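Engineer: I have a structure I would like to understand better, so I am pasting it below and will then ask my questions one at a time.
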Amino acid sequence: MKILIGTKNPGKIEGARKAFERYFNNVEIEGIAVDSEVSDQPVNSEIIMGAKNRIKNLKKYAKENKIEADFYIASEAGITNFLGEWIDINCAVIEDNKGFQSMGTSQGFPIPEKYIEEIRKTELGKVMDRLFDKKDTGKGQGGISYLSKGEITRIDLTKNAFIMALTRHINGDLWK
């Protein structure tokens, strides 16, 4: 099974791999860097928009380069206050080669209000790097691994978001 993912981020790729391998055999994932066309720090509706834009740009790239795939996938992390308080979530979008699309989200973790302005000006990963005196926390285990004392990683959040999106694909005609 050939899957194209709209990123080169190793944490996102590994999370996607773990999700797809729960339900499919012979999973091959190729990461391709494509533009999300949203802010470096997605906020609210930019989160889903960024993931959907990555799918659109990934399909365009695949067509131009004559690459065929069974699934085109993307994830976008961002901050939202839709529930009344700021949380960070990961949104995954999956589209099969017939155009059937689904989305899912990870669980979210709270972001203290005192950091929101700085995060919006830069991005959560850079603020986490500063707070934990680390480098590129968003590319591997993620800041959540520090916040949860190693219980949950960015890979886990990405995997869970993709599993939620996969529910429409693994249940046959139930959702179609």
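Going by the structure tokens order, chains are called A, B, ..., each with residues numbered from 1, while ligands are numbered from 1 in the order shown.
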Would you mind listing what lies within 12 Å of Arg120 of chain A as a JSON list (two decimals) with C-alpha atoms, in the first residue's frame, with only C-alpha atoms counted and same-chain residues fewer than 2 positions away left out?
Structural biologist:
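Full text of selection.json as output:
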[["chain", "number", "residue", "atom", "x", "y", "z"],
["A", 39, "SER", "CA", 0.41, 30.51, 9.23],
["A", 40, "ASP", "CA", 3.52, 28.85, 10.66],
["A", 41, "GLN", "CA", 1.43, 28.64, 13.84],
["A", 42, "PRO", "CA", -2.05, 27.56, 12.77],
["A", 43, "VAL", "CA", -4.88, 28.88, 14.92],
["A", 44, "ASN", "CA", -8.47, 27.60, 15.02],
["A", 78, "GLY", "CA", -2.25, 24.04, 15.95],
["A", 79, "ILE", "CA", -3.79, 25.87, 18.84],
["A", 80, "THR", "CA", -7.49, 26.44, 19.28],
["A", 86, "TRP", "CA", -6.46, 27.27, 24.58],
["A", 111, "ILE", "CA", -1.69, 25.88, 26.70],
["A", 113, "GLU", "CA", -2.78, 31.85, 28.40],
["A", 114, "LYS", "CA", 0.47, 33.63, 29.33],
["A", 115, "TYR", "CA", 2.24, 31.99, 26.34],
["A", 116, "ILE", "CA", -0.46, 32.45, 23.67],
["A", 117, "GLU", "CA", 0.76, 35.78, 22.30],
["A", 118, "GLU", "CA", 4.34, 34.52, 21.99],
["A", 122, "THR", "CA", 6.34, 32.43, 16.47],
["A", 123, "GLU", "CA", 5.04, 28.88, 16.97],
["A", 124, "LEU", "CA", 4.43, 26.46, 19.81],
["A", 125, "GLY", "CA", 7.53, 24.37, 19.03],
["A", 126, "LYS", "CA", 9.83, 27.39, 19.39],
["A", 127, "VAL", "CA", 8.25, 28.35, 22.71]]
Engineer: Would you please work out which residue, of A:Lys121, A:Gly11, A:Ala74, A:Phe20, is nearest to Gly143 of chain A when using only C-alpha atoms?
Structural biologist: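 The answer is A:Gly11, which sits nearest to Gly143 of chain A.
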Engineer: Of the candidates A:Tyr23, A:Tyr72, A:Tyr61, A:Phe82, which one gets nearest to Met103 of chain A if we count only C-alpha atoms?
Structural biologist: A:Tyr72
Engineer: Grab the atom CA of Ala161 of chain A to atom CA of Ile144 of chain A distance for me, in Å with one decimal place.
Structural biologist: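 The value is 14.8 Å.
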Engineer: What is the atom CA of Ser102 of chain A-atom CA of Ser75 of chain A distance in Å, reported with one decimal?
Structural biologist: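 If I compute the distance from atom CA of Ser102 of chain A to atom CA of Ser75 of chain A, I get 11.8 Å.
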Engineer: Residues within 12 Å of Glu30 of chain A, please, as a ChimeraX atom specification. Count only C-alpha atoms; anything in the same chain fewer than 4 positions from it doesn't count.
Structural biologist: /A:1-10,12-14,16-17,58,62,67-74
Engineer: Quick one: residues within 9 Å of Thr153 of chain A, only C-alpha atoms, excluding same-chain residues fewer than 5 positions away - as an NGL selection string?
Structural biologist: :A and (11 or 140-146 or 148 or 158)
Engineer: Got a sec to tell me which of segment 102-144 of chain A DSSP assigns to alpha helix (DSSP H), as a VMD selection string?
Structural biologist: chain A and resid 113 to 121 124 to 132 143 to 144
Engineer: Go through A:Lys135, A:Ser106, A:Pro112, A:Lys56 one by one, measure the shortest atom-to-atom distance of each to Asn81 of chain A using only C-alpha atoms, and give the residue with the smallest value.
Structural biologist: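 When distances to Asn81 of chain A are compared using only C-alpha atoms, the smallest one comes from A:Pro112.
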Engineer: Could you state the separation of atom CA of Ala19 of chain A and atom CA of Leu166 of chain A in Å, given to one decimal place?
Structural biologist: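 Value for the atom CA of Ala19 of chain A-atom CA of Leu166 of chain A distance: 8.2 Å.
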Engineer: Would you mind writing down, as number ranges by chain, each residue of segment 27-144 of chain A that DSSP on the backbone assigns to strand (DSSP E)?
Structural biologist: A: 28-31, 71-80, 87-96, 101-105, 109-110
